[in-house]
file coords_11.cif (mmCIF, C-alpha atoms and all ligand atoms)
data_structure
loop_
_atom_site.label_atom_id
_atom_site.label_comp_id
_atom_site.auth_asym_id
_atom_site.auth_seq_id
_atom_site.Cartn_x
_atom_site.Cartn_y
_atom_site.Cartn_z
CA MET A 29 -12.39 -14.04 8.43
CA ARG A 30 -11.03 -10.61 9.16
CA VAL A 31 -8.23 -9.20 7.00
CA VAL A 32 -6.29 -6.05 7.85
CA PHE A 33 -5.12 -4.37 4.66
CA LEU A 34 -2.43 -1.68 4.56
CA SER A 35 -0.30 -0.38 1.74
CA ASP A 36 2.17 2.22 0.52
CA THR A 37 4.02 2.54 3.81
CA HIS A 38 6.99 4.11 1.94
CA LEU A 39 9.27 3.33 4.89
CA GLY A 40 12.58 5.15 4.77
CA PHE A 41 11.01 8.23 3.16
CA ASP A 42 12.49 11.46 4.58
CA LEU A 43 14.69 9.47 6.96
CA PRO A 44 18.29 10.30 5.99
CA ILE A 45 20.92 8.19 7.76
CA ARG A 46 23.36 11.15 7.87
CA PRO A 47 21.31 14.33 7.35
CA ARG A 48 23.32 17.15 5.76
CA VAL A 49 20.65 19.74 6.45
CA GLN A 50 18.97 20.05 9.84
CA ARG A 51 15.23 20.37 9.46
CA HIS A 52 12.11 18.69 10.68
CA ARG A 53 11.93 15.14 9.27
CA ARG A 54 8.71 13.24 8.73
CA GLY A 55 10.23 9.79 8.32
CA GLU A 56 9.36 8.52 11.81
CA ARG A 57 5.65 9.25 11.22
CA PHE A 58 5.53 6.47 8.66
CA PHE A 59 6.95 4.03 11.22
CA GLU A 60 4.51 5.27 13.87
CA ASN A 61 1.53 4.63 11.60
CA LEU A 62 2.86 1.19 10.65
CA GLU A 63 2.99 0.52 14.39
CA ARG A 64 -0.64 1.61 14.77
CA VAL A 65 -1.82 -0.77 12.05
CA LEU A 66 0.11 -3.74 13.47
CA ASP A 67 -1.18 -2.90 16.98
CA HIS A 68 -4.73 -2.87 15.66
CA ALA A 69 -4.25 -6.27 14.02
CA THR A 70 -2.79 -7.71 17.22
CA THR A 71 -5.35 -6.29 19.67
CA THR A 72 -8.36 -7.17 17.49
CA ARG A 73 -6.86 -10.61 16.74
CA ALA A 74 -7.11 -10.23 12.96
CA ASP A 75 -6.83 -13.44 10.94
CA LEU A 76 -4.45 -12.07 8.33
CA VAL A 77 -2.57 -8.90 7.40
CA LEU A 78 -1.96 -8.05 3.75
CA HIS A 79 0.40 -5.35 2.46
CA GLY A 80 -0.33 -3.94 -1.01
CA GLY A 81 3.21 -2.89 -1.99
CA ASP A 82 5.57 0.09 -1.72
CA LEU A 83 6.68 -1.20 1.66
CA PHE A 84 9.80 0.92 1.17
CA PHE A 85 10.15 4.35 -0.45
CA ARG A 86 12.44 3.16 -3.23
CA SER A 87 14.21 0.08 -4.57
CA ARG A 88 17.65 0.71 -3.04
CA VAL A 89 17.06 1.22 0.65
CA PRO A 90 19.84 1.61 3.28
CA PRO A 91 20.38 -1.82 4.92
CA VAL A 92 19.72 -0.29 8.33
CA VAL A 93 16.19 0.65 7.20
CA VAL A 94 15.58 -2.76 5.58
CA ASP A 95 16.65 -4.53 8.79
CA ARG A 96 14.55 -2.26 10.97
CA VAL A 97 11.43 -2.92 8.89
CA TYR A 98 11.92 -6.66 8.49
CA GLN A 99 12.75 -7.13 12.18
CA ARG A 100 9.49 -5.43 13.03
CA LEU A 101 7.53 -7.60 10.58
CA ALA A 102 9.20 -10.77 11.90
CA ARG A 103 8.34 -9.77 15.46
CA PHE A 104 4.73 -9.23 14.39
CA ALA A 105 4.63 -12.61 12.61
CA GLU A 106 6.00 -14.20 15.80
CA GLY A 107 2.67 -13.25 17.42
CA GLY A 108 0.93 -15.83 15.23
CA ILE A 109 -0.94 -13.68 12.67
CA PRO A 110 0.15 -14.45 9.09
CA LEU A 111 1.34 -11.60 6.88
CA GLY A 112 1.25 -11.50 3.07
CA LEU A 113 3.30 -9.00 1.04
CA ILE A 114 3.75 -7.94 -2.57
CA ALA A 115 6.30 -5.50 -3.99
CA GLY A 116 5.22 -2.22 -5.55
CA ASN A 117 6.72 0.07 -8.18
CA HIS A 118 8.93 1.79 -5.61
CA GLU A 119 10.62 -1.59 -5.02
CA ARG A 120 10.71 -2.17 -8.79
CA SER A 121 8.51 -5.22 -8.19
CA VAL A 122 11.07 -7.00 -5.95
CA LEU A 123 11.45 -6.68 -2.17
CA PRO A 124 15.03 -6.53 -0.84
CA PRO A 125 15.95 -10.11 0.12
CA SER A 126 16.50 -11.08 3.75
CA LEU A 127 16.53 -14.18 5.94
CA LEU A 128 14.04 -12.35 8.17
CA LEU A 129 11.39 -12.81 5.45
CA ARG A 130 11.67 -16.58 5.83
CA HIS A 131 9.53 -16.57 8.96
CA PRO A 132 6.83 -19.24 8.52
CA ASN A 133 4.08 -16.65 9.10
CA ILE A 134 5.42 -14.31 6.41
CA HIS A 135 4.49 -14.96 2.80
CA VAL A 136 6.07 -12.86 0.04
CA PHE A 137 4.39 -13.19 -3.34
CA ALA A 138 7.70 -12.97 -5.23
CA GLN A 139 5.91 -13.86 -8.48
CA ALA A 140 2.23 -13.87 -9.33
CA SER A 141 0.90 -16.85 -7.38
CA THR A 142 -1.90 -18.04 -5.14
CA GLN A 143 -1.40 -18.82 -1.46
CA LEU A 144 -3.95 -20.65 0.64
CA PHE A 145 -4.30 -19.39 4.22
CA ALA A 146 -6.03 -21.74 6.69
CA LEU A 147 -7.68 -19.27 9.05
CA ALA A 148 -10.00 -19.77 12.01
CA GLY A 149 -13.02 -18.75 9.93
CA GLY A 150 -12.18 -20.92 6.91
CA THR A 151 -9.71 -21.09 4.06
CA LEU A 152 -8.77 -17.96 2.17
CA ALA A 153 -7.04 -18.03 -1.22
CA VAL A 154 -5.00 -14.91 -1.95
CA THR A 155 -3.68 -14.37 -5.46
CA GLY A 156 -0.80 -11.91 -5.11
CA VAL A 157 0.66 -10.08 -8.11
CA PRO A 158 3.70 -7.82 -7.65
CA PHE A 159 3.52 -4.48 -9.51
CA THR A 160 3.37 -4.86 -13.29
CA GLY A 161 2.32 -1.38 -14.52
CA ASP A 162 0.75 -3.19 -17.47
CA ARG A 163 -2.94 -4.05 -17.65
CA ALA A 164 -2.37 -7.08 -19.94
CA ARG A 165 0.19 -8.60 -17.58
CA LEU A 166 -1.94 -7.98 -14.51
CA LEU A 167 -5.00 -9.54 -16.13
CA ASP A 168 -2.99 -12.53 -17.41
CA ALA A 169 -1.69 -13.13 -13.88
CA ALA A 170 -5.14 -12.76 -12.31
CA ARG A 171 -6.86 -14.97 -14.88
CA GLY A 172 -4.03 -17.51 -14.95
CA ALA A 173 -4.28 -18.23 -11.22
CA PRO A 174 -5.06 -21.95 -10.89
CA PRO A 175 -8.53 -22.59 -9.45
CA VAL A 176 -8.28 -23.24 -5.72
CA GLU A 177 -11.04 -24.52 -3.42
CA ALA A 178 -11.45 -21.94 -0.68
CA HIS A 179 -14.17 -20.18 1.30
CA ALA A 180 -13.08 -16.82 -0.09
CA HIS A 181 -10.77 -15.46 -2.79
CA LEU A 182 -8.86 -12.18 -2.85
CA LEU A 183 -6.70 -10.55 -5.49
CA LEU A 184 -3.81 -8.53 -4.02
CA ALA A 185 -2.25 -6.09 -6.50
CA HIS A 186 -0.37 -2.80 -6.87
CA GLU A 187 -1.86 -1.12 -9.93
CA ALA A 188 -4.02 1.71 -11.18
CA PHE A 189 -7.58 0.64 -12.01
CA GLU A 190 -10.03 2.36 -14.33
CA GLY A 191 -11.85 5.15 -12.50
CA ALA A 192 -9.40 5.57 -9.59
CA THR A 193 -8.81 9.22 -8.68
CA VAL A 194 -5.82 11.05 -7.22
CA GLY A 195 -4.62 14.55 -6.41
CA PRO A 196 -6.28 17.92 -5.83
CA GLY A 197 -7.59 17.99 -9.44
CA ASN A 198 -9.14 14.51 -9.08
CA PHE A 199 -7.07 13.08 -11.91
CA THR A 200 -8.94 9.97 -13.05
CA PHE A 201 -7.15 6.92 -14.47
CA ARG A 202 -8.79 5.90 -17.75
CA GLN A 203 -7.95 3.95 -20.88
CA ARG A 204 -4.21 3.75 -20.43
CA LEU A 205 -1.95 0.75 -20.93
CA ASP A 206 -1.04 0.88 -17.22
CA THR A 207 -4.67 1.05 -16.07
CA VAL A 208 -6.72 -2.10 -15.46
CA PRO A 209 -10.28 -2.10 -16.83
CA LEU A 210 -12.70 -3.37 -14.19
CA GLU A 211 -14.91 -5.43 -16.52
CA ALA A 212 -11.95 -7.64 -17.46
CA LEU A 213 -11.29 -8.76 -13.88
CA PRO A 214 -12.02 -12.41 -13.07
CA GLU A 215 -15.38 -12.60 -11.31
CA HIS A 216 -14.49 -15.20 -8.68
CA PHE A 217 -12.54 -12.79 -6.49
CA ASP A 218 -14.67 -11.66 -3.54
CA ALA A 219 -12.64 -8.46 -3.53
CA VAL A 220 -9.60 -6.89 -5.13
CA LEU A 221 -7.19 -5.18 -2.73
CA SER A 222 -4.74 -2.81 -4.34
CA GLY A 223 -1.93 -0.49 -3.35
CA HIS A 224 -0.39 2.17 -5.62
CA ILE A 225 -3.24 4.71 -5.45
CA HIS A 226 -2.48 6.81 -2.38
CA ARG A 227 -6.03 8.08 -1.92
CA ARG A 228 -8.29 5.64 -0.08
CA GLN A 229 -11.34 4.72 -2.16
CA VAL A 230 -13.50 1.87 -3.35
CA LEU A 231 -14.47 1.19 -6.96
CA TRP A 232 -17.36 -1.16 -7.69
CA ARG A 233 -17.57 -3.53 -10.62
CA THR A 234 -20.87 -5.21 -11.48
CA ARG A 235 -20.50 -8.91 -12.34
CA GLY A 236 -22.59 -10.74 -14.95
CA ASP A 237 -25.05 -11.90 -12.27
CA GLY A 238 -25.57 -8.35 -11.01
CA SER A 239 -23.53 -8.78 -7.83
CA ARG A 240 -20.86 -6.22 -7.05
CA GLN A 241 -17.12 -6.75 -6.71
CA PRO A 242 -15.23 -4.13 -4.67
CA ILE A 243 -11.79 -2.87 -5.69
CA VAL A 244 -10.39 -1.51 -2.45
CA PHE A 245 -7.58 1.03 -2.19
CA CYS A 246 -6.67 1.60 1.46
CA GLY A 247 -4.26 4.38 0.39
CA SER A 248 -0.90 5.32 1.84
CA ILE A 249 -0.42 5.42 5.64
CA GLU A 250 1.08 8.96 5.58
CA ARG A 251 1.24 11.82 3.11
CA THR A 252 4.08 11.39 0.62
CA SER A 253 3.39 14.65 -1.26
CA TYR A 254 1.18 17.75 -1.41
CA ALA A 255 -1.08 15.88 -3.82
CA GLU A 256 -2.33 13.99 -0.72
CA GLN A 257 -2.76 17.12 1.42
CA GLY A 258 -6.53 17.09 1.95
CA GLU A 259 -7.05 13.31 2.22
CA PRO A 260 -7.57 11.11 5.26
CA LYS A 261 -4.83 8.47 5.61
CA CYS A 262 -6.13 5.00 6.38
CA PHE A 263 -5.86 1.26 6.56
CA ALA A 264 -8.77 -1.08 5.84
CA VAL A 265 -10.42 -3.99 7.61
CA ILE A 266 -12.24 -6.46 5.36
CA GLU A 267 -14.57 -9.10 6.78
CA LEU A 268 -15.31 -12.06 4.55
CA GLY A 269 -17.80 -14.88 4.98
CA ALA A 270 -21.46 -14.61 5.94
CA ASN A 271 -21.21 -10.98 7.09
CA ARG A 272 -19.19 -9.06 4.56
CA ARG A 273 -18.00 -5.69 5.64
CA LEU A 274 -15.42 -3.12 4.67
CA ARG A 275 -14.22 -0.43 6.99
CA PHE A 276 -11.54 2.25 6.73
CA HIS A 277 -9.69 3.24 9.90
CA GLU A 278 -8.16 6.68 9.87
CA LEU A 279 -4.54 7.19 10.92
CA PRO A 280 -3.15 10.42 12.39
CA ALA A 281 -1.60 12.44 9.55
CA PRO A 282 -1.30 16.18 10.17
CA PRO A 283 -1.32 18.41 7.07
CA LEU A 284 2.07 18.98 5.47
CA PRO A 285 3.66 22.31 6.40
CA GLU A 286 3.15 24.96 3.72
CA PRO A 287 6.30 25.75 1.73
CA ARG A 288 8.30 28.34 3.62
CA PRO A 289 8.17 31.87 2.18
CA ALA A 290 11.85 32.31 3.19
CA ARG A 291 12.88 30.06 0.34
CA TYR A 292 10.84 32.11 -2.06
CA SER A 293 12.40 35.42 -1.00
CA ALA A 294 15.89 33.87 -1.14
CA MET A 295 15.13 32.83 -4.68
CA ARG A 296 13.90 36.32 -5.57
CA SER A 297 16.97 38.02 -4.12
CA ARG A 298 19.19 35.62 -6.05
CA ILE A 299 17.43 36.68 -9.20
CA SER A 300 17.76 40.39 -8.42
CA THR A 301 21.47 40.16 -7.49
CA SER A 302 22.21 38.33 -10.70
CA THR A 303 20.59 41.11 -12.70
CA PRO A 304 23.27 43.46 -14.05
MN MN B 1 3.19 4.24 -3.48
#

call {"tool": "encode", "arguments": {"input": "coords_11.cif", "output": "structure tokens", "more": "lines below"}}
Ligand SMILES: [Mn+2]
result
Amino acid sequence: MRVVFLSDTHLGFDLPIRPRVQRHRRGERFFENLERVLDHATTTRADLVLHGGDLFFRSRVPPVVVDRVYQRLARFAEGGIPLGLIAGNHERSVLPPSLLLRHPNIHVFAQASTQLFALAGGTLAVTGVPFTGDRARLLDAARGAPPVEAHAHLLLAHEAFEGATVGPGNFTFRQRLDTVPLEALPEHFDAVLSGHIHRRQVLWRTRGDGSRQPIVFCGSIERTSYAEQGEPKCFAVIELGANRRLRFHELPAPPLPEPRPARYSAMRSRISTSTP
């Protein structure tokens, strides 16, 4: 079973419908990298694609952007590869509704729930939990998932987990109410796949029997801020079954342009002219 995992696509970011200021816009780059991930899934005949939330850049998205994204996802699903989605914090835990999401190959985890996917390599149970921002709620949802017979089990989430790092100063999430402690995770999940953390990384939790459970963050598909400047942007491919493997695939993401000095000097002259 081969699962393509992408997250934090933030579609619609820097893509104004009627721009008031003419400048270089980065919005199309996010769509281009989404295209690259879907192409990879199609050409390698992946068994399943999972999206870890923050599909869009915010909760109220222009309908033209919603339609563009959902039409693309429906066209992908038409190719026969199932697609599972959860909402992130940027969607305030709910994806904008649309008839396009009713495609039989698209599964939205609208609430915390478990979906069984019958794939060529076996059955895969995915427990999807939309963004909670609350470690107790996430753990309740993950633990409360009814036991399902399957060849493999995945937890799909959009949260911060203990030990995850972000930003140039390597800020580390620890002991916060919105941060999930690894040792409390149910042990039966073969892997946890999570969005939310924009830096790609893997955390490892050691189970009671000594085996290791990966918590995989594939990261965002493009830079959303300077905090992501030095990082590779990726999606992940997870192989389950006899040969387990995890691989990150890098996406093109040129460094963000440095802030223009012109703005700085304009600011300085404004200060000096306002001085009596
Ligand atoms: Mn995000």

call {"tool": "atom_distance", "arguments": {"input": "coords_11.cif", "atom1": "atom CA of Gln99 of chain A", "atom2": "atom CA of Phe263 of chain A"}}
result
21.2 Å

call {"tool": "atom_distance", "arguments": {"input": "coords_11.cif", "atom1": "atom CA of Ala74 of chain A", "atom2": "atom CA of Arg30 of chain A"}}
result
5.5 Å

call {"tool": "atom_distance", "arguments": {"input": "coords_11.cif", "atom1": "atom CA of Arg273 of chain A", "atom2": "atom CA of His181 of chain A"}}
result
14.8 Å

call {"tool": "residues_around", "arguments": {"input": "coords_11.cif", "residues": "Gln143 of chain A", "least_positions_apart": "5", "cutoff": "12 Å", "atoms": "only C-alpha atoms", "output": "ChimeraX atom specification"}}
result
/A:78,110-113,134-138,151-157,173-178,180-184

call {"tool": "residues_around", "arguments": {"input": "coords_11.cif", "residues": "Cys262 of chain A", "least_positions_apart": "4", "cutoff": "7 Å", "atoms": "all atoms listed in the file", "output": "list in words"}}
result
Arg228, Cys246, Gly247, Ser248, Ile249, Phe276, His277, Glu278 and Leu279 of chain A

call {"tool": "residues_near_ligand", "arguments": {"input": "coords_11.cif", "ligand": "ligand MN 1 (chain B)", "cutoff": "6 Å", "atoms": "all atoms listed in the file", "output": "ChimeraX atom specification"}}
result
/A:36,82,224

call {"tool": "write_last_selection", "arguments": {"input": "coords_11.cif", "atoms": "C-alpha atoms", "output": "mmCIF file, in the coordinates of the input"}}
result
data_model
loop_
_atom_site.group_PDB
_atom_site.id
_atom_site.type_symbol
_atom_site.label_atom_id
_atom_site.label_comp_id
_atom_site.auth_asym_id
_atom_site.auth_seq_id
_atom_site.Cartn_x
_atom_site.Cartn_y
_atom_site.Cartn_z
ATOM 1 C CA ASP A 36 2.170 2.220 0.520
ATOM 2 C CA ASP A 82 5.570 0.090 -1.720
ATOM 3 C CA HIS A 224 -0.390 2.170 -5.620
#

call {"tool": "closest_residue", "arguments": {"input": "coords_11.cif", "among": "A:Ala164, A:Ala115, A:Leu101, A:Leu43", "to": "Leu129 of chain A", "atoms": "only C-alpha atoms"}}
result
A:Leu101

call {"tool": "closest_residue", "arguments": {"input": "coords_11.cif", "among": "A:Glu259, A:Glu286, A:Glu215, A:Glu250", "to": "Phe41 of chain A", "atoms": "all atoms listed in the file"}}
result
A:Glu250

call {"tool": "closest_residue", "arguments": {"input": "coords_11.cif", "among": "A:Gly108, A:Arg171, A:His216, A:Val32", "to": "Asp237 of chain A", "atoms": "only C-alpha atoms"}}
result
A:His216

call {"tool": "closest_residue", "arguments": {"input": "coords_11.cif", "among": "A:Ala146, A:Leu123, A:Leu221, A:Ala281", "to": "Ile266 of chain A", "atoms": "all atoms listed in the file"}}
result
A:Leu221

call {"tool": "residues_near_point", "arguments": {"input": "coords_11.cif", "point": "(2.3, -14.6, 15.0)", "cutoff": "10 Å", "atoms": "all atoms listed in the file", "output": "list in words"}}
result
Thr70, Leu76, Leu101, Ala102, Arg103, Phe104, Ala105, Glu106, Gly107, Gly108, Ile109, Pro110, Leu111, His131, Pro132, Asn133 and Ile134 of chain A

call {"tool": "decode", "arguments": {"input": "coords_11.cif", "residues": "segment 229-246 of chain A", "atoms": "N, CA and C atoms", "output": "PDB file, in the first residue's frame"}}
result
ATOM      1  N   GLN A 229       9.278  17.007   8.839  1.00  0.00           N
ATOM      2  CA  GLN A 229      10.073  16.326   9.870  1.00  0.00           C
ATOM      3  C   GLN A 229       9.361  15.059  10.320  1.00  0.00           C
ATOM      4  N   VAL A 230      10.097  14.208  10.996  1.00  0.00           N
ATOM      5  CA  VAL A 230       9.515  12.999  11.564  1.00  0.00           C
ATOM      6  C   VAL A 230       9.888  12.935  13.035  1.00  0.00           C
ATOM      7  N   LEU A 231       8.893  12.711  13.884  1.00  0.00           N
ATOM      8  CA  LEU A 231       9.154  12.455  15.306  1.00  0.00           C
ATOM      9  C   LEU A 231       8.952  10.951  15.516  1.00  0.00           C
ATOM     10  N   TRP A 232       9.683  10.383  16.459  1.00  0.00           N
ATOM     11  CA  TRP A 232       9.550   8.949  16.712  1.00  0.00           C
ATOM     12  C   TRP A 232       9.107   8.717  18.147  1.00  0.00           C
ATOM     13  N   ARG A 233       8.091   7.907  18.309  1.00  0.00           N
ATOM     14  CA  ARG A 233       7.612   7.540  19.633  1.00  0.00           C
ATOM     15  C   ARG A 233       7.917   6.049  19.829  1.00  0.00           C
ATOM     16  N   THR A 234       8.437   5.691  20.990  1.00  0.00           N
ATOM     17  CA  THR A 234       8.730   4.283  21.258  1.00  0.00           C
ATOM     18  C   THR A 234       7.550   3.664  22.002  1.00  0.00           C
ATOM     19  N   ARG A 235       6.978   2.607  21.412  1.00  0.00           N
ATOM     20  CA  ARG A 235       5.839   1.925  22.037  1.00  0.00           C
ATOM     21  C   ARG A 235       6.321   1.042  23.194  1.00  0.00           C
ATOM     22  N   GLY A 236       5.370   0.512  23.957  1.00  0.00           N
ATOM     23  CA  GLY A 236       5.680  -0.364  25.085  1.00  0.00           C
ATOM     24  C   GLY A 236       6.541  -1.553  24.709  1.00  0.00           C
ATOM     25  N   ASP A 237       6.359  -2.073  23.480  1.00  0.00           N
ATOM     26  CA  ASP A 237       7.121  -3.262  23.062  1.00  0.00           C
ATOM     27  C   ASP A 237       8.459  -2.886  22.416  1.00  0.00           C
ATOM     28  N   GLY A 238       8.800  -1.603  22.465  1.00  0.00           N
ATOM     29  CA  GLY A 238      10.094  -1.180  21.924  1.00  0.00           C
ATOM     30  C   GLY A 238      10.049  -0.780  20.454  1.00  0.00           C
ATOM     31  N   SER A 239       8.942  -1.080  19.768  1.00  0.00           N
ATOM     32  CA  SER A 239       8.859  -0.688  18.362  1.00  0.00           C
ATOM     33  C   SER A 239       8.621   0.820  18.269  1.00  0.00           C
ATOM     34  N   ARG A 240       8.866   1.364  17.087  1.00  0.00           N
ATOM     35  CA  ARG A 240       8.779   2.818  16.951  1.00  0.00           C
ATOM     36  C   ARG A 240       7.628   3.241  16.043  1.00  0.00           C
ATOM     37  N   GLN A 241       6.939   4.277  16.486  1.00  0.00           N
ATOM     38  CA  GLN A 241       5.786   4.809  15.761  1.00  0.00           C
ATOM     39  C   GLN A 241       6.155   6.184  15.202  1.00  0.00           C
ATOM     40  N   PRO A 242       6.143   6.338  13.859  1.00  0.00           N
ATOM     41  CA  PRO A 242       6.514   7.641  13.303  1.00  0.00           C
ATOM     42  C   PRO A 242       5.349   8.636  13.312  1.00  0.00           C
ATOM     43  N   ILE A 243       5.655   9.879  13.635  1.00  0.00           N
ATOM     44  CA  ILE A 243       4.709  10.985  13.487  1.00  0.00           C
ATOM     45  C   ILE A 243       5.278  11.838  12.360  1.00  0.00           C
ATOM     46  N   VAL A 244       4.591  11.820  11.223  1.00  0.00           N
ATOM     47  CA  VAL A 244       5.147  12.373   9.993  1.00  0.00           C
ATOM     48  C   VAL A 244       4.508  13.723   9.681  1.00  0.00           C
ATOM     49  N   PHE A 245       5.333  14.741   9.535  1.00  0.00           N
ATOM     50  CA  PHE A 245       4.874  16.045   9.055  1.00  0.00           C
ATOM     51  C   PHE A 245       5.483  16.228   7.673  1.00  0.00           C
ATOM     52  N   CYS A 246       4.633  16.261   6.632  1.00  0.00           N
ATOM     53  CA  CYS A 246       5.207  16.465   5.295  1.00  0.00           C
ATOM     54  C   CYS A 246       5.497  17.938   5.061  1.00  0.00           C
TER      55      CYS A 246
END
